[in-house]
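File shown here: work-v6.txt, holding compact mmCIF, C-alpha atoms.
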# COMPACT_ATOMS: atom_id res chain seq x y z
CA MET A 209 71.30 -3.92 -22.80
CA SER A 210 68.77 -1.14 -22.35
CA LYS A 211 69.96 0.56 -25.57
CA PHE A 212 69.43 -2.70 -27.45
CA LEU A 213 65.94 -3.07 -25.98
CA ALA A 214 65.13 0.53 -26.91
CA TYR A 215 66.33 -0.16 -30.46
CA ILE A 216 64.20 -3.29 -30.81
CA THR A 217 61.16 -1.48 -29.35
CA VAL A 218 61.40 1.44 -31.75
CA VAL A 219 61.98 -0.78 -34.79
CA PHE A 220 58.94 -2.84 -33.76
CA LEU A 221 56.84 0.29 -33.33
CA ILE A 222 58.00 1.76 -36.63
CA ASN A 223 56.95 -1.41 -38.41
CA HIS A 224 53.64 -1.87 -36.67
CA LEU A 225 52.43 1.58 -35.74
CA SER A 226 52.87 2.81 -39.28
CA ILE A 227 49.96 0.55 -40.13
CA VAL A 228 47.82 2.01 -37.34
CA MET A 229 48.78 5.60 -37.99
CA GLY A 230 48.56 5.35 -41.76
CA GLN A 231 44.83 5.99 -41.81
CA GLU A 232 42.84 8.47 -43.88
CA SER A 233 42.61 11.44 -41.49
CA PRO A 234 45.57 12.84 -39.56
CA LEU A 235 45.48 11.80 -35.93
CA SER A 236 47.77 14.28 -34.25
CA HIS A 237 49.88 17.37 -34.78
CA HIS A 238 52.91 15.10 -35.12
CA ASP A 239 51.52 12.96 -37.92
CA PHE A 240 53.68 14.28 -40.79
CA LYS A 241 52.87 11.42 -43.12
CA ARG A 242 50.89 13.63 -45.45
CA SER A 243 53.36 16.48 -45.60
CA SER A 244 55.59 16.90 -48.63
CA TRP A 245 58.74 16.35 -46.61
CA GLY A 246 57.40 13.61 -44.26
CA GLY A 247 58.63 10.76 -46.42
CA ASN A 248 55.25 9.05 -46.27
CA SER A 249 56.07 7.61 -42.87
CA PRO A 250 54.74 8.82 -39.52
CA CYS A 251 57.94 7.79 -37.78
CA THR A 252 60.97 8.84 -39.80
CA PRO A 253 60.52 12.60 -39.19
CA CYS A 254 61.78 11.86 -35.68
CA HIS A 255 63.10 8.30 -35.54
CA ILE A 256 65.65 6.35 -37.52
CA THR A 257 66.55 2.69 -37.41
CA ARG A 258 70.28 3.18 -37.60
CA SER A 259 72.88 5.69 -36.49
CA GLY A 260 70.52 7.76 -34.41
CA SER A 261 71.67 10.87 -32.60
CA THR A 262 73.42 10.07 -29.35
CA LYS A 263 73.74 13.64 -28.12
CA ILE A 264 70.86 13.24 -25.67
CA PRO A 265 71.18 10.25 -23.31
CA SER A 266 68.44 7.62 -23.70
CA SER A 267 66.97 9.37 -26.73
CA PRO A 268 64.69 7.05 -28.74
CA ILE A 269 66.89 6.55 -31.85
CA TRP A 270 66.54 10.19 -32.75
CA SER A 271 66.77 11.25 -36.38
CA LYS A 272 66.63 14.99 -35.91
CA ARG A 273 69.47 17.41 -35.74
CA ASP A 274 69.78 18.44 -32.11
CA THR A 275 69.18 21.99 -31.12
CA VAL A 276 72.25 23.91 -29.95
CA SER A 277 70.23 26.74 -28.47
CA ILE A 278 71.02 28.27 -25.12
CA TYR A 279 67.78 28.91 -23.29
CA GLN A 280 66.58 31.46 -20.78
CA VAL A 281 64.77 29.34 -18.25
CA TYR A 282 61.68 30.20 -16.25
CA SER A 283 62.25 32.09 -13.02
CA SER A 284 59.95 33.54 -10.38
CA THR A 285 60.17 34.79 -6.82
CA THR A 286 57.56 32.19 -5.85
CA LEU A 287 59.45 29.28 -7.42
CA ASN A 288 60.81 26.60 -5.09
CA SER A 289 62.20 24.31 -7.79
CA TYR A 290 65.44 24.77 -9.71
CA PRO A 291 64.84 24.48 -13.48
CA SER A 292 68.02 23.67 -15.32
CA LEU A 293 68.69 24.13 -19.00
CA PRO A 294 66.30 21.84 -20.88
CA SER A 295 67.24 18.20 -20.54
CA GLY A 296 66.05 14.78 -21.61
CA LYS A 297 63.04 14.60 -23.86
CA SER A 298 62.33 18.33 -23.46
CA LYS A 299 65.43 18.97 -25.53
CA GLN A 300 63.97 16.84 -28.29
CA CYS A 301 60.67 18.71 -28.22
CA LEU A 302 62.52 22.00 -28.35
CA ALA A 303 64.49 20.78 -31.36
CA CYS A 304 61.42 21.80 -33.36
CA HIS A 305 59.49 23.95 -30.96
CA ASP A 306 62.15 26.59 -30.33
CA GLU A 307 62.12 27.60 -34.00
CA THR A 308 65.81 26.84 -34.49
CA VAL A 309 65.83 23.36 -36.01
CA ALA A 310 63.45 22.89 -38.90
CA ASN A 311 61.70 19.80 -40.11
CA ALA A 312 63.04 19.81 -43.70
CA ASN A 313 63.19 23.60 -43.65
CA HIS A 314 59.71 23.92 -42.23
CA MET A 315 59.75 25.92 -39.04
CA VAL A 316 57.10 25.34 -36.42
CA GLY A 317 54.56 28.08 -36.85
CA PRO A 318 52.90 30.40 -37.48
CA PRO A 319 54.88 32.25 -34.80
CA GLY A 320 53.08 32.13 -31.49
CA LYS A 321 50.99 29.06 -32.31
CA SER A 322 53.22 26.40 -30.82
CA SER A 323 56.69 27.92 -31.02
CA LEU A 324 58.31 28.53 -27.70
CA HIS A 325 61.40 30.51 -28.71
CA ILE A 326 64.68 30.39 -26.86
CA SER A 327 63.27 32.33 -23.92
CA LEU A 328 61.27 29.90 -21.84
CA ARG A 329 60.39 32.57 -19.31
CA ASN A 330 56.79 32.74 -20.47
CA SER A 331 56.30 28.98 -20.30
CA HIS A 332 55.70 26.53 -17.49
CA PRO A 333 59.08 25.57 -15.97
CA ILE A 334 60.57 22.28 -17.11
CA SER A 335 63.66 20.17 -16.42
CA PHE A 336 63.51 20.40 -12.65
CA VAL A 337 63.38 17.76 -9.94
CA TYR A 338 59.82 17.28 -8.71
CA ASP A 339 59.86 15.17 -5.58
CA ALA A 340 58.21 14.92 -2.16
CA ASN A 341 60.71 17.43 -0.81
CA LEU A 342 59.67 20.06 -3.37
CA ALA A 343 56.00 19.41 -2.63
CA MET A 344 56.67 19.95 1.06
CA THR A 345 58.60 23.16 0.51
CA ASP A 346 56.15 24.59 -2.00
CA HIS A 347 52.89 23.87 -0.09
CA GLY A 348 50.99 24.02 -3.37
CA LEU A 349 52.06 20.80 -5.03
CA ASN A 350 50.92 17.21 -4.56
CA ASP A 351 53.49 14.64 -3.45
CA PRO A 352 54.44 12.94 -6.74
CA SER A 353 55.57 9.75 -5.02
CA THR A 354 52.11 9.04 -3.62
CA THR A 355 49.58 11.05 -5.65
CA LEU A 356 47.91 9.17 -8.47
CA SER A 357 48.39 10.56 -11.98
CA GLY A 358 45.07 9.30 -13.30
CA LEU A 359 46.93 7.15 -15.81
CA GLY A 360 47.30 4.09 -13.58
CA GLY A 361 50.27 4.87 -11.37
CA THR A 362 51.65 7.79 -9.40
CA ILE A 363 52.77 11.13 -10.82
CA GLU A 364 56.35 10.01 -10.38
CA GLU A 365 55.80 6.72 -12.19
CA ASP A 366 53.70 8.02 -15.06
CA LEU A 367 54.56 11.65 -15.70
CA LEU A 368 58.15 12.33 -14.68
CA GLU A 369 61.35 11.48 -16.52
CA ASP A 370 63.90 10.24 -13.96
CA GLY A 371 62.12 12.27 -11.29
CA ARG A 372 62.16 15.44 -13.39
CA MET A 373 59.30 17.35 -14.90
CA GLU A 374 59.75 17.63 -18.65
CA CYS A 375 57.60 18.50 -21.66
CA THR A 376 56.52 14.88 -21.75
CA SER A 377 54.97 15.24 -18.29
CA CYS A 378 52.02 16.95 -19.97
CA HIS A 379 52.42 16.19 -23.66
CA ASP A 380 52.43 12.93 -25.58
CA VAL A 381 53.44 13.44 -29.18
CA HIS A 382 52.28 10.03 -30.28
CA ASN A 383 48.85 10.38 -28.80
CA ILE A 384 47.37 7.96 -31.27
CA SER A 385 44.57 6.92 -28.97
CA ARG A 386 43.14 10.41 -28.68
CA GLN A 387 40.32 11.30 -31.05
CA ASP A 388 41.27 14.95 -31.55
CA SER A 389 42.00 15.78 -35.14
CA PHE A 390 44.39 18.33 -36.55
CA GLU A 391 41.48 20.43 -37.75
CA ARG A 392 39.92 20.64 -34.30
CA ASP A 393 43.24 21.65 -32.79
CA ASN A 394 43.14 24.86 -34.78
CA LEU A 395 39.77 26.02 -33.59
CA ASN A 396 39.38 28.35 -30.64
CA ASP A 397 36.00 28.68 -29.06
CA SER A 398 34.33 32.10 -28.92
CA LYS A 399 36.13 33.00 -25.71
CA GLY A 400 39.58 32.35 -27.12
CA HIS A 401 40.06 28.95 -25.51
CA ALA A 402 41.98 26.46 -27.52
CA GLY A 403 40.40 23.06 -26.90
CA ARG A 404 41.03 21.61 -23.50
CA THR A 405 41.90 18.19 -24.76
CA PHE A 406 44.06 19.36 -27.61
CA PHE A 407 47.81 20.01 -27.88
CA SER A 408 48.67 16.32 -27.52
CA LEU A 409 48.00 16.30 -23.79
CA ARG A 410 48.59 13.05 -21.95
CA LYS A 411 45.32 13.47 -20.14
CA SER A 412 42.42 15.80 -20.66
CA ASN A 413 42.69 19.27 -19.16
CA GLU A 414 38.92 19.57 -18.92
CA GLY A 415 38.18 21.64 -15.81
CA SER A 416 41.97 22.16 -15.48
CA ALA A 417 42.25 18.47 -14.49
CA LEU A 418 45.79 18.12 -15.85
CA CYS A 419 46.99 21.21 -13.98
CA LEU A 420 45.33 19.95 -10.80
CA THR A 421 47.05 16.57 -11.05
CA CYS A 422 50.19 18.22 -9.66
CA HIS A 423 49.05 21.63 -8.44
CA ASN A 424 47.23 21.50 -5.16
CA ILE A 425 44.91 24.48 -4.87
CA MET B 1007 10.25 21.99 22.77
CA LYS B 1008 13.27 23.56 24.48
CA VAL B 1009 15.31 20.49 23.64
CA LEU B 1010 14.18 20.64 20.04
CA LYS B 1011 15.09 24.33 19.81
CA ARG B 1012 18.55 23.64 21.26
CA PHE B 1013 19.03 20.75 18.88
CA PHE B 1014 17.97 22.88 15.93
CA PHE B 1015 20.28 25.78 16.71
CA SER B 1016 23.23 23.51 17.54
CA SER B 1017 22.76 21.78 14.21
CA LEU B 1018 22.74 25.14 12.49
CA LEU B 1019 25.94 26.05 14.29
CA ILE B 1020 27.61 22.78 13.33
CA PHE B 1021 26.45 23.20 9.74
CA PHE B 1022 27.87 26.69 9.42
CA SER B 1023 31.05 25.77 11.29
CA VAL B 1024 32.35 24.08 8.15
CA PHE B 1025 32.79 27.55 6.76
CA LEU B 1026 35.21 28.43 9.56
CA TYR B 1027 37.91 26.35 7.89
CA SER B 1028 39.99 27.83 5.07
CA GLN B 1029 39.25 26.15 1.79
CA GLY B 1030 40.92 26.02 -1.60
CA LEU B 1031 40.20 27.74 -4.89
CA LEU B 1032 37.16 25.66 -5.70
CA ASN B 1033 34.00 27.28 -4.32
CA SER B 1034 35.89 30.49 -3.55
CA HIS B 1035 35.22 33.87 -5.16
CA HIS B 1036 37.97 33.11 -7.69
CA ASP B 1037 36.44 29.81 -8.71
CA PHE B 1038 35.17 30.54 -12.22
CA THR B 1039 34.64 26.93 -13.23
CA GLY B 1040 30.87 27.38 -13.13
CA THR B 1041 30.82 30.33 -15.54
CA SER B 1042 30.14 30.09 -19.24
CA TRP B 1043 33.11 32.24 -20.20
CA SER B 1044 35.76 30.14 -18.41
CA GLY B 1045 35.09 27.03 -20.45
CA GLY B 1046 34.86 25.20 -17.14
CA GLU B 1047 38.51 25.91 -16.37
CA ALA B 1048 39.84 26.60 -12.88
CA CYS B 1049 43.26 27.88 -13.90
CA SER B 1050 43.09 29.48 -17.33
CA PRO B 1051 41.14 32.63 -16.30
CA CYS B 1052 44.44 33.76 -14.76
CA HIS B 1053 47.19 31.32 -15.79
CA THR B 1054 48.50 29.58 -18.90
CA PRO B 1055 51.39 27.14 -19.35
CA HIS B 1056 52.71 28.70 -22.58
CA ASN B 1057 53.04 32.13 -24.18
CA ALA B 1058 52.14 33.89 -20.94
CA ASN B 1059 51.65 37.64 -20.69
CA MET B 1060 54.99 39.14 -19.61
CA LEU B 1061 53.86 42.77 -19.20
CA VAL B 1062 54.21 42.66 -15.41
CA PRO B 1063 57.65 41.39 -14.27
CA ASP B 1064 57.64 38.26 -12.10
CA SER B 1065 54.03 37.46 -12.99
CA PRO B 1066 53.09 33.79 -12.54
CA LEU B 1067 52.45 32.57 -16.14
CA TRP B 1068 49.78 35.25 -16.46
CA ASN B 1069 46.85 34.81 -18.81
CA HIS B 1070 44.53 37.69 -17.92
CA GLU B 1071 44.39 41.09 -19.58
CA VAL B 1072 46.53 43.53 -17.59
CA THR B 1073 45.13 46.88 -16.48
CA THR B 1074 46.56 50.06 -17.99
CA ALA B 1075 44.97 52.40 -15.43
CA SER B 1076 46.76 55.12 -13.45
CA TYR B 1077 45.96 55.34 -9.80
CA GLN B 1078 45.65 57.88 -7.01
CA VAL B 1079 47.75 56.25 -4.31
CA TYR B 1080 47.34 56.30 -0.56
CA SER B 1081 48.88 59.22 1.29
CA SER B 1082 48.85 60.34 4.89
CA PRO B 1083 50.81 62.71 7.15
CA THR B 1084 51.67 59.72 9.37
CA LEU B 1085 52.96 57.61 6.50
CA ASN B 1086 56.67 56.77 6.51
CA SER B 1087 56.61 54.52 3.45
CA ASN B 1088 56.48 55.72 -0.14
CA PRO B 1089 53.85 53.91 -2.22
CA GLY B 1090 54.18 54.47 -5.96
CA GLN B 1091 51.95 53.27 -8.76
CA PRO B 1092 50.93 49.63 -8.14
CA THR B 1093 53.51 47.05 -9.18
CA GLY B 1094 54.00 43.29 -9.17
CA PHE B 1095 51.23 41.07 -7.90
CA SER B 1096 49.12 44.09 -6.95
CA LYS B 1097 48.92 45.07 -10.61
CA LEU B 1098 47.67 41.60 -11.41
CA CYS B 1099 44.93 41.80 -8.76
CA LEU B 1100 43.94 45.26 -9.93
CA SER B 1101 43.57 43.87 -13.45
CA CYS B 1102 40.12 42.80 -12.28
CA HIS B 1103 39.67 44.69 -9.05
CA ASP B 1104 40.09 48.27 -10.30
CA GLY B 1105 36.92 47.87 -12.32
CA THR B 1106 38.52 48.81 -15.65
CA VAL B 1107 39.12 45.35 -17.15
CA ALA B 1108 36.34 42.83 -17.72
CA ILE B 1109 36.66 39.63 -15.68
CA GLU B 1110 36.26 37.43 -18.76
CA ASN B 1111 39.22 38.99 -20.62
CA HIS B 1112 41.80 36.23 -20.60
CA GLY B 1113 43.88 34.48 -23.25
CA SER B 1114 43.14 36.14 -26.55
CA TYR B 1115 39.65 37.22 -25.54
CA THR B 1116 38.94 40.93 -25.00
CA GLY B 1117 35.18 41.15 -25.42
CA GLY B 1118 34.13 40.69 -21.78
CA THR B 1119 31.20 42.57 -20.29
CA GLN B 1120 31.29 41.63 -16.60
CA TYR B 1121 33.16 43.79 -14.12
CA VAL B 1122 33.98 43.37 -10.44
CA THR B 1123 31.39 45.13 -8.32
CA TRP B 1124 31.60 44.23 -4.64
CA GLY B 1125 35.41 43.88 -4.65
CA ASN B 1126 36.03 46.94 -6.84
CA VAL B 1127 38.65 49.14 -5.17
CA THR B 1128 38.53 51.53 -8.20
CA THR B 1129 41.54 53.51 -9.39
CA ASP B 1130 41.37 55.76 -6.33
CA LEU B 1131 43.43 53.87 -3.77
CA ARG B 1132 43.47 56.70 -1.24
CA ASP B 1133 40.79 54.91 0.77
CA ASP B 1134 42.64 51.58 0.83
CA HIS B 1135 45.59 50.20 2.78
CA PRO B 1136 48.79 51.37 1.01
CA ILE B 1137 50.42 48.83 -1.28
CA SER B 1138 53.48 48.54 -3.50
CA PHE B 1139 55.94 50.04 -1.04
CA GLU B 1140 59.12 48.60 0.38
CA TYR B 1141 58.58 47.23 3.87
CA ASN B 1142 61.94 46.60 5.51
CA THR B 1143 63.80 46.97 8.80
CA ALA B 1144 64.59 50.63 8.08
CA LEU B 1145 60.90 51.44 7.62
CA ALA B 1146 59.98 49.61 10.81
CA THR B 1147 62.62 51.60 12.71
CA VAL B 1148 61.53 54.96 11.33
CA ASP B 1149 57.83 54.23 11.75
CA GLY B 1150 58.01 52.98 15.33
CA GLY B 1151 54.75 51.10 14.95
CA LEU B 1152 55.73 48.24 12.66
CA HIS B 1153 57.40 44.91 13.37
CA ASP B 1154 60.75 44.23 11.74
CA PRO B 1155 59.77 42.06 8.74
CA ALA B 1156 63.23 40.50 8.54
CA SER B 1157 62.92 38.85 11.93
CA THR B 1158 59.25 38.75 12.94
CA PRO B 1159 57.47 35.45 12.29
CA SER B 1160 54.52 35.70 9.93
CA GLY B 1161 52.63 32.81 11.48
CA LEU B 1162 52.94 30.86 8.22
CA GLY B 1163 56.29 29.28 9.02
CA GLY B 1164 58.81 31.94 8.07
CA THR B 1165 59.30 35.67 8.61
CA ILE B 1166 57.06 38.44 7.30
CA ALA B 1167 59.66 39.17 4.61
CA GLU B 1168 59.86 35.53 3.54
CA ASP B 1169 56.15 34.71 3.58
CA LEU B 1170 54.20 37.91 2.97
CA LEU B 1171 56.26 40.29 0.87
CA GLN B 1172 57.03 40.18 -2.85
CA SER B 1173 60.74 40.96 -3.18
CA GLY B 1174 60.53 43.08 -0.04
CA TYR B 1175 57.40 44.96 -1.14
CA LEU B 1176 54.00 44.90 0.51
CA GLN B 1177 51.43 43.96 -2.10
CA CYS B 1178 47.80 42.85 -2.21
CA THR B 1179 49.11 39.30 -1.85
CA SER B 1180 50.65 40.17 1.53
CA CYS B 1181 47.16 39.82 2.98
CA HIS B 1182 45.17 38.06 0.27
CA ASP B 1183 45.56 34.75 -1.52
CA PRO B 1184 43.09 34.33 -4.39
CA HIS B 1185 43.53 30.55 -4.28
CA ILE B 1186 41.86 30.24 -0.90
CA SER B 1187 38.62 31.26 0.66
CA ARG B 1188 38.39 32.02 4.32
CA ASN B 1189 35.67 32.89 6.68
CA THR B 1190 37.48 34.42 9.59
CA GLN B 1191 34.77 35.76 11.84
CA GLY B 1192 32.27 32.99 12.37
CA CYS B 1193 28.75 33.50 11.10
CA ILE B 1194 29.06 37.26 10.77
CA GLY B 1195 32.16 36.84 8.64
CA CYS B 1196 29.88 35.38 5.99
CA HIS B 1197 26.53 36.94 6.72
CA ASN B 1198 25.65 40.52 7.47
CA MET B 1199 22.36 40.14 9.33
CA ALA B 1200 20.96 43.35 7.92
CA THR B 1201 21.72 42.84 4.22
CA ARG B 1202 22.65 39.12 4.09
CA VAL B 1203 25.76 39.98 2.08
CA THR B 1204 28.13 37.04 1.83
CA THR B 1205 31.76 38.01 2.17
CA ASP B 1206 34.85 36.08 1.27
CA LEU B 1207 38.06 37.77 2.14
CA SER B 1208 40.64 35.27 0.80
CA LEU B 1209 42.95 36.20 3.65
CA ARG B 1210 46.24 34.39 4.01
CA ILE B 1211 46.04 34.55 7.79
CA SER B 1212 42.90 34.65 9.88
CA ASN B 1213 42.03 38.14 11.02
CA THR B 1214 40.18 36.94 14.09
CA GLY B 1215 41.03 39.41 16.84
CA SER B 1216 42.79 41.50 14.13
CA ALA B 1217 45.57 38.91 14.10
CA LEU B 1218 46.48 39.61 10.47
CA CYS B 1219 46.76 43.34 11.06
CA LEU B 1220 48.86 42.74 14.17
CA THR B 1221 51.28 40.52 12.27
CA CYS B 1222 52.87 43.69 10.89
CA HIS B 1223 51.44 46.51 13.00
CA ASP B 1224 52.93 46.69 16.45
CA LYS B 1225 50.11 47.98 18.66
As structure tokens:
Amino acid sequence: MSKFLAYITVVFLINHLSIVMGQESPLSHHDFKRSSWGGNSPCTPCHITRSGSTKIPSSPIWSKRDTVSIYQVYSSTTLNSYPSLPSGKSKQCLACHDETVANANHMVGPPGKSSLHISLRNSHPISFVYDANLAMTDHGLNDPSTTLSGLGGTIEEDLLEDGRMECTSCHDVHNISRQDSFERDNLNDSKGHAGRTFFSLRKSNEGSALCLTCHNI
Amino acid sequence: MKVLKRFFFSSLLIFFSVFLYSQGLLNSHHDFTGTSWSGGEACSPCHTPHNANMLVPDSPLWNHEVTTASYQVYSSPTLNSNPGQPTGFSKLCLSCHDGTVAIENHGSYTGGTQYVTWGNVTTDLRDDHPISFEYNTALATVDGGLHDPASTPSGLGGTIAEDLLQSGYLQCTSCHDPHISRNTQGCIGCHNMATRVTTDLSLRISNTGSALCLTCHDK
């Protein structure tokens, strides 16, 4: 039943959001409508109405080839969580962002800009259970079951995928309500900061606000 | 008049007593949110979620320029440990606190002009507590004046080895936590009456009555 509902939702969005997203200026890094390979649709680079990939459970009618990479996950002597190999929606993000599966032969790049490679050791850990127990053990994390996310509900309700932290805990590829443009995303300020509200973040990281949603310092 | 005086000084005491509690990163010496070079960020002067600097093993998603200095390390005829060149978390601290790397140099930025002054330990560590040495049961036995880190409680919930050491090594972070600020000695912990210098030691454990020292040193 839930698969059917997901199908209907995505078909609805493909039909209606294409009108919203098909405006003059690109709205996000994931608006491929204007690219030569994008197929003049903001949705079909990632979604398909039929025969979507079923390799990742609950994937939103995925049109991409799935990555088959084996990853080196983040590790640290101060880590209290247990990151597994990337799971859920993180695997879909990595399908492009690990430089192994190309969008119509276009790799994510230039290298270092938003490519993460197969070694995730220099990136924030993902695909781990983030619950009250972890917060208690770590002493530096907010309890996700009670702490508000700033998006209307708790961290657990709004930011986690089945209780796990994933790429989508911080990033929202659709991000159509945010005003940042592709051009602004490429500008660093004079101190080397990429914009705080850029990179398709689910909420602004102004003053490290996104970091501080979960991290309790 | 006497009553007024008492009231005034008690109020002062109550006012300053708020500084006796340990506080978080914000308003500590490592709170750079108010500087122009940080972009208002609390975390990014030292940390980044992607493409972190991996020069120092086991560094926590590091975003600050890493020092390349060589150091004169602590030595003493009574020393039983064997400190080498700084490693691990100590190297990260020294990336500001040895005075060779500008504070603003983080991310891709290398044009900083501000350097640590008051907390500058320099590259001569002979006048500082030894760091970057293995502190284990064997050392405690040989030394005769150290608690066994494998079994002695740290006061933070676990043992010294679990709570204070980095992979069995004593580092700057064994005593200091840059994410907190702590005034451990009442008014004079903040204010030196002669020079009015404000100090902030970022100690993980209060050193009132030398309690932090005595966590490891058995005197």
Could you pull the residues within 9 Å of Ala1156 of chain B, counting all atoms listed in the file, minus those fewer than 2 positions along the same chain, as a PDB file with C-alpha atoms, keeping the file's coordinate frame?
ATOM      1  CA  ASN B1142      61.940  46.600   5.510  1.00  0.00           C
ATOM      2  CA  THR B1143      63.800  46.970   8.800  1.00  0.00           C
ATOM      3  CA  HIS B1153      57.400  44.910  13.370  1.00  0.00           C
ATOM      4  CA  ASP B1154      60.750  44.230  11.740  1.00  0.00           C
ATOM      5  CA  THR B1158      59.250  38.750  12.940  1.00  0.00           C
ATOM      6  CA  PRO B1159      57.470  35.450  12.290  1.00  0.00           C
ATOM      7  CA  THR B1165      59.300  35.670   8.610  1.00  0.00           C
ATOM      8  CA  ILE B1166      57.060  38.440   7.300  1.00  0.00           C
ATOM      9  CA  ALA B1167      59.660  39.170   4.610  1.00  0.00           C
ATOM     10  CA  GLU B1168      59.860  35.530   3.540  1.00  0.00           C
TER      11      GLU B1168
END
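Of the listed residues (B:Val1072, B:Leu1098, B:Ile1211, B:Ile1186), B:Ile1186 comes nearest to chain A; the distances count all atoms listed in the file.
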Between chain A and chain B, at 7 Å or less, what are the per-residue closest atom pairs and their distances in Å? Count all atoms listed in the file, order by chain and rising residue number, and return it as CSV.
residue,atom,partner,partner_atom,distance
A:Ser284,CA,B:Asp1064,CA,5.5
A:Thr285,CA,B:Asp1064,CA,6.8
A:Asn330,CA,B:Ala1058,CA,4.8
A:Ser331,CA,B:His1056,CA,4.3
A:His332,CA,B:Pro1055,CA,4.7
A:Lys399,CA,B:Tyr1115,CA,5.5
A:Gly400,CA,B:Tyr1115,CA,5.1
A:Glu414,CA,B:Glu1047,CA,6.8
A:Gly415,CA,B:Glu1047,CA,4.3
A:Ser416,CA,B:Glu1047,CA,5.2
A:Ile425,CA,B:Gly1030,CA,5.4
Coordinates-based distance that separates atom CA of Pro1089 of chain B from atom CA of Arg1132 of chain B (Å, one decimal): 10.8 Å
Two-atom distance - atom CA of Glu369 of chain A, atom CA of Phe336 of chain A (Å):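 So the answer is 10.0 Å.
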For atom CA of Cys375 of chain A and atom CA of Leu342 of chain A, the interatomic separation in Å (one decimal):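 Between these atoms lies a distance of 18.5 Å.
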Lys411 of chain A environment, 9 Å, only C-alpha atoms, sequence neighbours closer than 5 positions dropped, as a count of residues only: 8
Which residues come within 6 Å of segment 1102-1107 of chain B, counting only C-alpha atoms, excluding same-chain residues fewer than 4 positions away, as a PDB file with C-alpha atoms, in the frame of the given file?
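File written: result16.pdb
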ATOM      1  CA  TYR B1121      33.160  43.790 -14.120  1.00  0.00           C
ATOM      2  CA  VAL B1122      33.980  43.370 -10.440  1.00  0.00           C
ATOM      3  CA  ASN B1126      36.030  46.940  -6.840  1.00  0.00           C
ATOM      4  CA  VAL B1127      38.650  49.140  -5.170  1.00  0.00           C
ATOM      5  CA  THR B1128      38.530  51.530  -8.200  1.00  0.00           C
ATOM      6  CA  THR B1129      41.540  53.510  -9.390  1.00  0.00           C
TER       7      THR B1129
END
Within 7 Å of Phe1095 of chain B using all atoms listed in the file, minus same-chain residues under 5 positions, as number ranges by chain: B: 1065, 1177-1179
Residue contacts of Leu293 of chain A (10 Å, all atoms listed in the file) excluding same-chain residues fewer than 5 positions away, as a list in words: Ser277, Ile278, Tyr279, Gln280, Val281, Tyr282, Ser298, Lys299, Leu328, Ile334, Ser335 and Phe336 of chain A
